[in-house]
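Next comes entry-v2.cif, a file with mmCIF, C-alpha atoms.
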data_entry
#
loop_
_atom_site.label_atom_id
_atom_site.label_comp_id
_atom_site.auth_asym_id
_atom_site.auth_seq_id
_atom_site.Cartn_x
_atom_site.Cartn_y
_atom_site.Cartn_z
CA MET X 159 -0.48 115.02 80.52
CA THR X 160 0.52 117.61 77.93
CA PRO X 161 0.72 116.08 74.45
CA ALA X 162 4.16 116.14 72.85
CA LEU X 163 4.75 118.82 70.26
CA PRO X 164 5.13 117.55 66.69
CA HIS X 165 8.74 117.30 65.53
CA ARG X 166 9.73 120.01 63.07
CA ALA X 167 12.64 120.30 60.67
CA GLY X 168 13.56 122.63 57.86
CA PHE X 169 15.93 125.12 56.30
CA VAL X 170 16.48 128.71 57.43
CA GLY X 171 18.30 131.07 55.07
CA ILE X 172 20.28 133.87 56.74
CA VAL X 173 20.45 136.96 54.53
CA GLY X 174 21.54 140.56 54.96
CA ARG X 175 24.05 143.16 53.89
CA THR X 176 27.79 142.60 54.17
CA ASN X 177 29.19 142.81 57.71
CA ALA X 178 25.78 142.48 59.36
CA GLY X 179 27.15 139.53 61.38
CA LYS X 180 25.57 136.58 59.57
CA SER X 181 28.51 134.20 59.92
CA THR X 182 29.02 135.13 63.57
CA LEU X 183 25.34 134.45 64.25
CA LEU X 184 25.54 131.14 62.38
CA ASN X 185 28.43 130.02 64.60
CA LYS X 186 26.57 131.11 67.73
CA LEU X 187 23.42 129.24 66.69
CA ALA X 188 25.46 126.12 65.94
CA ASN X 189 27.62 126.52 69.05
CA ALA X 190 30.60 125.69 66.85
CA LYS X 191 32.88 127.43 64.37
CA ILE X 192 31.58 126.50 60.94
CA ALA X 193 31.66 129.76 59.00
CA ILE X 194 34.60 132.13 58.85
CA THR X 195 34.23 135.67 60.12
CA SER X 196 36.02 138.91 59.34
CA LYS X 197 35.44 142.64 59.54
CA LYS X 198 36.25 142.85 55.83
CA PRO X 199 33.22 142.82 53.49
CA GLN X 200 32.32 139.87 51.26
CA THR X 201 33.95 137.35 53.61
CA THR X 202 31.46 134.55 52.87
CA ARG X 203 31.55 133.28 49.28
CA ASN X 204 29.49 130.09 49.56
CA THR X 205 26.26 129.02 51.18
CA ILE X 206 27.34 127.38 54.44
CA ARG X 207 25.00 124.99 56.28
CA ALA X 208 24.97 124.54 60.05
CA ILE X 209 22.77 121.78 61.43
CA VAL X 210 21.28 122.35 64.88
CA THR X 211 19.49 119.36 66.39
CA VAL X 212 17.42 119.47 69.58
CA GLU X 213 14.80 117.07 70.89
CA GLU X 214 11.82 118.69 69.18
CA ALA X 215 13.41 120.13 66.05
CA GLN X 216 16.24 120.18 63.58
CA ILE X 217 17.08 123.50 61.96
CA ILE X 218 19.47 123.68 59.03
CA PHE X 219 20.83 127.23 58.87
CA VAL X 220 22.13 128.39 55.50
CA ASP X 221 24.55 131.30 55.67
CA THR X 222 24.81 133.33 52.46
CA PRO X 223 27.27 135.89 51.10
CA GLY X 224 26.51 139.45 52.14
CA PHE X 225 24.26 141.27 49.70
CA HIS X 226 26.19 144.14 48.07
CA LYS X 227 26.45 146.23 44.94
CA SER X 228 28.17 144.07 42.33
CA GLN X 229 31.47 145.46 41.06
CA SER X 230 32.82 142.26 39.53
CA LEU X 231 31.65 139.03 37.97
CA LEU X 232 32.35 137.36 41.31
CA GLY X 233 30.11 139.89 43.08
CA GLN X 234 27.26 139.22 40.64
CA HIS X 235 27.77 135.49 41.17
CA LEU X 236 27.44 135.91 44.95
CA ASN X 237 24.24 137.96 44.68
CA LYS X 238 22.69 135.28 42.45
CA MET X 239 23.48 132.71 45.14
CA ILE X 240 21.55 134.77 47.69
CA VAL X 241 18.44 135.08 45.50
CA ALA X 242 18.55 131.33 44.76
CA THR X 243 18.70 130.56 48.49
CA LEU X 244 15.48 132.48 49.15
CA SER X 245 13.48 130.05 47.03
CA ASP X 246 15.00 126.93 48.60
CA VAL X 247 14.38 127.49 52.33
CA ASP X 248 11.39 127.25 54.66
CA VAL X 249 12.10 130.46 56.57
CA VAL X 250 14.24 133.52 55.84
CA LEU X 251 16.18 135.16 58.68
CA PHE X 252 16.86 138.76 57.66
CA LEU X 253 19.74 140.12 59.74
CA LEU X 254 20.25 143.86 60.18
CA ASP X 255 23.05 145.77 61.87
CA GLY X 256 21.60 147.39 64.98
CA LYS X 257 24.35 150.00 65.17
CA ARG X 258 23.07 151.87 62.14
CA PRO X 259 19.74 152.63 60.49
CA PRO X 260 18.65 150.42 57.58
CA GLY X 261 20.65 151.45 54.49
CA ASN X 262 20.01 151.17 50.77
CA GLU X 263 21.29 147.58 50.63
CA ASP X 264 18.98 146.59 53.53
CA LYS X 265 16.03 148.20 51.76
CA PHE X 266 16.93 146.58 48.44
CA MET X 267 17.11 143.18 50.15
CA ALA X 268 13.77 143.86 51.86
CA GLU X 269 12.17 144.53 48.46
CA HIS X 270 13.33 141.11 47.27
CA LEU X 271 11.80 139.51 50.37
CA LYS X 272 8.40 141.10 49.71
CA VAL X 273 7.86 139.11 46.51
CA ILE X 274 8.54 135.65 47.94
CA ASP X 275 6.05 133.42 49.76
CA THR X 276 8.61 132.32 52.36
CA PRO X 277 7.97 133.68 55.88
CA VAL X 278 10.59 136.18 57.06
CA ILE X 279 11.88 136.89 60.56
CA ALA X 280 13.92 140.07 61.01
CA ALA X 281 16.73 139.97 63.56
CA LEU X 282 18.30 143.18 64.86
CA ASN X 283 21.92 142.27 65.57
CA LYS X 284 24.31 143.83 68.12
CA ALA X 285 21.53 144.25 70.68
CA ASP X 286 24.19 144.01 73.40
CA LEU X 287 25.50 147.40 72.26
CA LEU X 288 22.12 149.15 72.22
CA GLY X 289 20.21 150.84 74.99
CA GLU X 290 16.45 150.49 75.33
CA ALA X 291 15.69 153.74 73.51
CA GLU X 292 18.07 152.99 70.64
CA THR X 293 16.66 149.48 70.28
CA GLU X 294 13.12 150.81 69.99
CA GLU X 295 14.27 153.43 67.47
CA ARG X 296 15.80 150.72 65.28
CA LEU X 297 12.70 148.53 65.55
CA GLU X 298 10.53 151.44 64.38
CA GLU X 299 12.83 151.85 61.37
CA ILE X 300 12.68 148.13 60.51
CA ARG X 301 8.91 147.57 60.78
CA PRO X 302 8.00 149.45 57.55
CA LEU X 303 10.48 147.38 55.51
CA GLY X 304 8.20 144.34 55.21
CA GLU X 305 5.61 141.96 56.62
CA PHE X 306 7.77 140.14 59.15
CA SER X 307 6.55 137.16 61.16
CA ALA X 308 8.62 138.52 64.06
CA ILE X 309 11.36 141.06 64.77
CA VAL X 310 13.87 139.91 67.39
CA PRO X 311 16.77 141.97 68.81
CA VAL X 312 19.73 139.58 69.18
CA SER X 313 23.46 139.56 69.76
CA ALA X 314 25.49 137.21 67.57
CA LYS X 315 28.47 137.94 69.82
CA THR X 316 26.95 137.23 73.26
CA GLY X 317 23.98 135.02 72.35
CA GLN X 318 21.46 137.49 73.79
CA ASN X 319 17.88 136.49 72.83
CA VAL X 320 19.08 133.57 70.67
CA ASP X 321 16.62 131.34 72.56
CA ILE X 322 13.77 133.70 71.61
CA LEU X 323 14.91 133.60 68.00
CA PHE X 324 14.97 129.79 68.08
CA GLY X 325 11.40 129.78 69.36
CA ALA X 326 10.21 132.09 66.59
CA LEU X 327 11.91 129.98 63.92
CA PHE X 328 10.60 126.72 65.39
CA GLY X 329 7.01 127.88 65.02
CA LEU X 330 7.45 128.46 61.28
CA LEU X 331 9.15 125.18 60.36
CA PRO X 332 7.13 122.38 58.74
CA GLU X 333 6.35 119.20 60.65
CA SER X 334 9.04 116.75 59.60
CA PRO X 335 11.36 114.04 60.93
CA GLN X 336 15.08 114.82 61.19
CA LEU X 337 16.69 115.45 57.82
CA TYR X 338 20.28 114.74 58.95
CA PRO X 339 21.86 112.45 61.55
CA PRO X 340 21.66 114.15 64.99
CA GLU X 341 25.46 114.22 65.47
CA MET X 342 26.05 116.05 62.19
CA LEU X 343 27.02 119.74 62.51
CA THR X 344 27.37 120.61 58.82
CA ASP X 345 27.05 119.01 55.42
CA GLN X 346 30.03 120.95 54.10
CA PRO X 347 33.03 118.81 53.12
CA GLU X 348 35.92 119.10 55.57
CA GLU X 349 38.17 120.23 52.71
CA HIS X 350 35.92 123.22 52.09
CA ILE X 351 35.92 124.31 55.73
CA VAL X 352 39.70 123.87 55.95
CA ALA X 353 40.15 126.08 52.87
CA GLU X 354 37.90 128.72 54.39
CA PHE X 355 39.84 128.71 57.68
CA ILE X 356 43.02 129.41 55.72
CA ARG X 357 41.35 132.22 53.77
CA GLU X 358 40.04 133.71 57.02
CA LYS X 359 43.60 134.10 58.35
CA ILE X 360 44.66 135.83 55.13
CA LEU X 361 41.71 138.22 55.54
CA ASP X 362 42.86 138.95 59.09
CA LEU X 363 46.50 139.56 58.17
CA THR X 364 46.31 141.45 54.88
CA ARG X 365 44.69 144.67 53.71
CA GLU X 366 43.69 146.79 50.74
CA GLU X 367 43.07 144.79 47.55
CA VAL X 368 44.64 141.50 48.66
CA PRO X 369 41.77 139.88 50.65
CA HIS X 370 39.22 139.99 47.82
CA SER X 371 41.74 138.57 45.35
CA VAL X 372 42.44 135.42 47.39
CA ALA X 373 41.03 131.95 46.79
CA VAL X 374 42.11 128.79 48.61
CA VAL X 375 41.82 125.23 47.33
CA VAL X 376 42.75 122.13 49.36
CA GLU X 377 44.70 119.95 46.94
CA GLU X 378 45.19 116.92 49.19
CA MET X 379 44.08 115.84 52.66
CA SER X 380 45.04 112.43 54.05
CA GLU X 381 45.78 110.62 57.30
CA ARG X 382 49.43 109.68 57.75
CA LYS X 383 49.74 105.92 58.10
CA GLY X 384 50.48 104.79 61.64
CA LYS X 385 50.22 108.29 63.14
CA ASP X 386 47.49 110.47 64.64
CA LEU X 387 48.25 113.14 62.06
CA ILE X 388 46.59 114.55 58.94
CA ASP X 389 48.66 115.96 56.08
CA ILE X 390 47.01 118.83 54.23
CA GLU X 391 48.28 120.54 51.10
CA ALA X 392 46.50 123.75 50.11
CA ALA X 393 47.02 126.23 47.29
CA ILE X 394 46.46 129.96 47.80
CA TYR X 395 45.64 131.78 44.56
CA VAL X 396 45.94 135.53 43.97
CA GLU X 397 45.53 137.64 40.84
CA ARG X 398 48.92 139.35 40.57
CA ASP X 399 52.59 138.67 41.32
CA SER X 400 52.69 141.63 43.71
CA GLN X 401 49.92 140.02 45.78
CA LYS X 402 51.82 136.73 45.82
CA GLY X 403 54.77 138.55 47.37
CA ILE X 404 52.53 140.04 50.07
CA ILE X 405 51.05 136.63 50.97
CA ILE X 406 54.48 135.00 51.19
CA GLY X 407 56.05 137.92 53.10
CA LYS X 408 59.69 138.63 53.79
CA GLY X 409 61.50 135.31 54.12
CA GLY X 410 58.12 133.52 54.07
CA SER X 411 57.04 135.20 57.32
CA MET X 412 53.45 136.02 56.27
CA LEU X 413 52.77 132.55 54.87
CA LYS X 414 54.17 130.97 58.03
CA GLU X 415 51.88 133.10 60.22
CA VAL X 416 48.85 132.23 58.08
CA GLY X 417 49.70 128.54 58.47
CA THR X 418 50.24 128.77 62.23
CA ARG X 419 46.91 130.51 62.85
CA ALA X 420 44.93 128.34 60.45
CA ARG X 421 46.36 125.12 61.87
CA ARG X 422 44.90 125.88 65.32
CA ASP X 423 41.34 126.08 63.94
CA ILE X 424 41.82 123.11 61.65
CA GLU X 425 43.10 120.91 64.50
CA ALA X 426 40.10 121.94 66.62
CA LEU X 427 37.78 121.04 63.72
CA LEU X 428 39.38 117.67 62.98
CA GLY X 429 40.32 116.73 66.56
CA THR X 430 43.85 115.71 65.62
CA LYS X 431 47.28 117.13 64.83
CA VAL X 432 47.73 118.62 61.38
CA ASN X 433 50.72 119.06 59.10
CA LEU X 434 49.67 122.03 56.95
CA MET X 435 51.62 122.76 53.76
CA LEU X 436 50.79 125.95 51.85
CA TRP X 437 51.91 127.31 48.51
CA VAL X 438 50.95 130.46 46.60
CA GLY X 439 50.15 130.71 42.89
CA VAL X 440 48.93 133.43 40.52
CA GLU X 441 45.65 133.00 38.64
CA LYS X 442 45.47 136.25 36.68
CA ASP X 443 42.19 138.19 37.09
CA TRP X 444 40.35 135.06 38.24
CA ARG X 445 37.42 137.05 39.67
CA SER X 446 36.51 138.20 36.15
CA ARG X 447 36.37 134.71 34.62
CA GLU X 448 33.37 132.46 35.17
CA SER X 449 35.35 129.23 34.76
CA ALA X 450 37.95 130.33 37.30
CA ILE X 451 35.28 131.43 39.79
CA ARG X 452 33.66 128.00 39.62
CA ARG X 453 36.99 126.18 39.92
CA LEU X 454 38.40 128.23 42.79
CA THR X 455 35.33 128.94 44.92
CA GLU X 456 32.88 126.09 44.35
CA GLU X 457 34.96 122.91 44.33
#
Could I get this structure in the form of structure tokens?
Amino acid sequence: MTPALPHRAGFVGIVGRTNAGKSTLLNKLANAKIAITSKKPQTTRNTIRAIVTVEEAQIIFVDTPGFHKSQSLLGQHLNKMIVATLSDVDVVLFLLDGKRPPGNEDKFMAEHLKVIDTPVIAALNKADLLGEAETEERLEEIRPLGEFSAIVPVSAKTGQNVDILFGALFGLLPESPQLYPPEMLTDQPEEHIVAEFIREKILDLTREEVPHSVAVVVEEMSERKGKDLIDIEAAIYVERDSQKGIIIGKGGSMLKEVGTRARRDIEALLGTKVNLMLWVGVEKDWRSRESAIRRLTEE
């Protein structure tokens, strides 16, 4: 009789440049929508945890903001969060975009990874879009970037090779009992995820400078007495009056569309009907003020 493998549990930090597909991969690994996704850079602003529990292991994935050149106080704040994550996890999962060679931001991130003791697995994303020759070309470009425990071509979109990635991560986790209840998918407050779902829809529907100027805060969230319904009030903050007009739209059309789209994801998350009430306010130049960044993105 084969002896049972020891149970393992630990934290895996997902890092990489903006738009590498970290949040999409996190959702695929968790088999649930926990992190928001968008083609626009700097979508993720907080470290998001997804808890994956199987019989022999529990892996807590920590999604981080995309590493990028800081052009604002908010950008510097996000990069500090990434560096802090590297020292608090058991394994680092370094995600690279397989559709292009490693760029300066990938190489800069790789230099940070060289000076930490944490084991690093490199994952080459978008493997479903690469042929065999192109995959091998990308792997040859990645190998010199660091001492990786493994390099795994994966697809965050289709799930290709996710099982192989799980196996590689499992082997690097410490022996440990479960750290969270097995039914738990995330340790993020529901209010935080709801706010992010709303922000995601604004990212999808707006362009130019508006997406990066938006912050969402859930002001109130409560079950309506005697009904299978949750009332949610959320504030959308922008930096200028002109941006407020864009978010509201002609006759409130944009705000209504944001609410309609966000409500679908929120109802799927909470498993009940939702009455979503949104309003838009102006918090002038909030991305340049430390106190405003903490109040609007960390609460």
* 7 Å contact set for range 347-354 of chain X, all atoms listed in the file, chain neighbours under 5 positions out, as a PyMOL selection string -> chain X and resi 194+374-376+424
For the structure provided, state which residues fall under the PyMOL selection byres ((chain X and resi 426-431) around 9), and present them as a JSON list (two decimals) with C-alpha atoms, in the coordinates of the input.
[["chain", "number", "residue", "atom", "x", "y", "z"],
["X", 191, "LYS", "CA", 32.88, 127.43, 64.37],
["X", 192, "ILE", "CA", 31.58, 126.50, 60.94],
["X", 348, "GLU", "CA", 35.92, 119.10, 55.57],
["X", 351, "ILE", "CA", 35.92, 124.31, 55.73],
["X", 352, "VAL", "CA", 39.70, 123.87, 55.95],
["X", 386, "ASP", "CA", 47.49, 110.47, 64.64],
["X", 387, "LEU", "CA", 48.25, 113.14, 62.06],
["X", 388, "ILE", "CA", 46.59, 114.55, 58.94],
["X", 389, "ASP", "CA", 48.66, 115.96, 56.08],
["X", 421, "ARG", "CA", 46.36, 125.12, 61.87],
["X", 422, "ARG", "CA", 44.90, 125.88, 65.32],
["X", 423, "ASP", "CA", 41.34, 126.08, 63.94],
["X", 424, "ILE", "CA", 41.82, 123.11, 61.65],
["X", 425, "GLU", "CA", 43.10, 120.91, 64.50],
["X", 432, "VAL", "CA", 47.73, 118.62, 61.38],
["X", 433, "ASN", "CA", 50.72, 119.06, 59.10]]
* Taking the file as shown, what set of residues would the PyMOL selection byres ((chain X and resi 327) around 12) give back, as an NGL selection string? -> :X and (166-172 or 187 or 215-219 or 248-252 or 277-281 or 306-310 or 320-326 or 328-332)
* To do: May I have the residues within 10 Å of Asp443 in chain X as number ranges by chain, using all atoms listed in the file and disregarding those fewer than 4 positions away in the same chain?
  => X: 371, 396-398, 447, 450
* Contact residues around Lys315 in chain X with only C-alpha atoms at 9 Å, ignoring same-chain residues under 5 positions, as number ranges by chain -> X: 179, 182-183, 186, 283-284, 286
* Asked: Separation of CA of Glu341 in chain X and CA of Ala420 in chain X, in Å?
  -> 24.6 Å
* **Computed interatomic separation between CA of Val247 in chain X and CA of Val220 in chain X (Å)** =>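 Taking CA of Val247 in chain X and CA of Val220 in chain X, their separation equals 8.4 Å.
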* To do: One decimal, Å: what's the distance from CA of Gly289 in chain X over to CA of Lys257 in chain X, could you say?
  => 10.7 Å
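In terms of minimum interatomic distance to Asp255 in chain X, X:Glu299 ranks closest within X:Glu391, X:Glu378, X:Glu299, X:Glu358, counting all atoms listed in the file.
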* **the PyMOL selection byres ((chain X and resi 344) around 9) resolved against shown file, as a ChimeraX atom specification** => /X:192,206-210,218,342-343,345-347
* Asked: Which one is closest to Ile300 in chain X: X:Leu254, X:Ala314, X:Met379, X:Val273? Count all atoms listed in the file.
  ->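 Between X:Leu254, X:Ala314, X:Met379, X:Val273, the residue approaching Ile300 in chain X most closely is X:Leu254.
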Hey, could you pull the box centre and edge lengths for range 206-222 of chain X, axis-aligned, 8 Å padding per side, all listed atoms, to one decimal in Å, as JSON?
{"center_x": 19.6, "center_y": 125.2, "center_z": 61.7, "size_x": 31.5, "size_y": 32.3, "size_z": 34.4}
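Distances from X:Leu454, X:Ser400, X:Asp362, X:Tyr338 to Glu415 in chain X were compared using only C-alpha atoms, and the smallest one belongs to X:Asp362.
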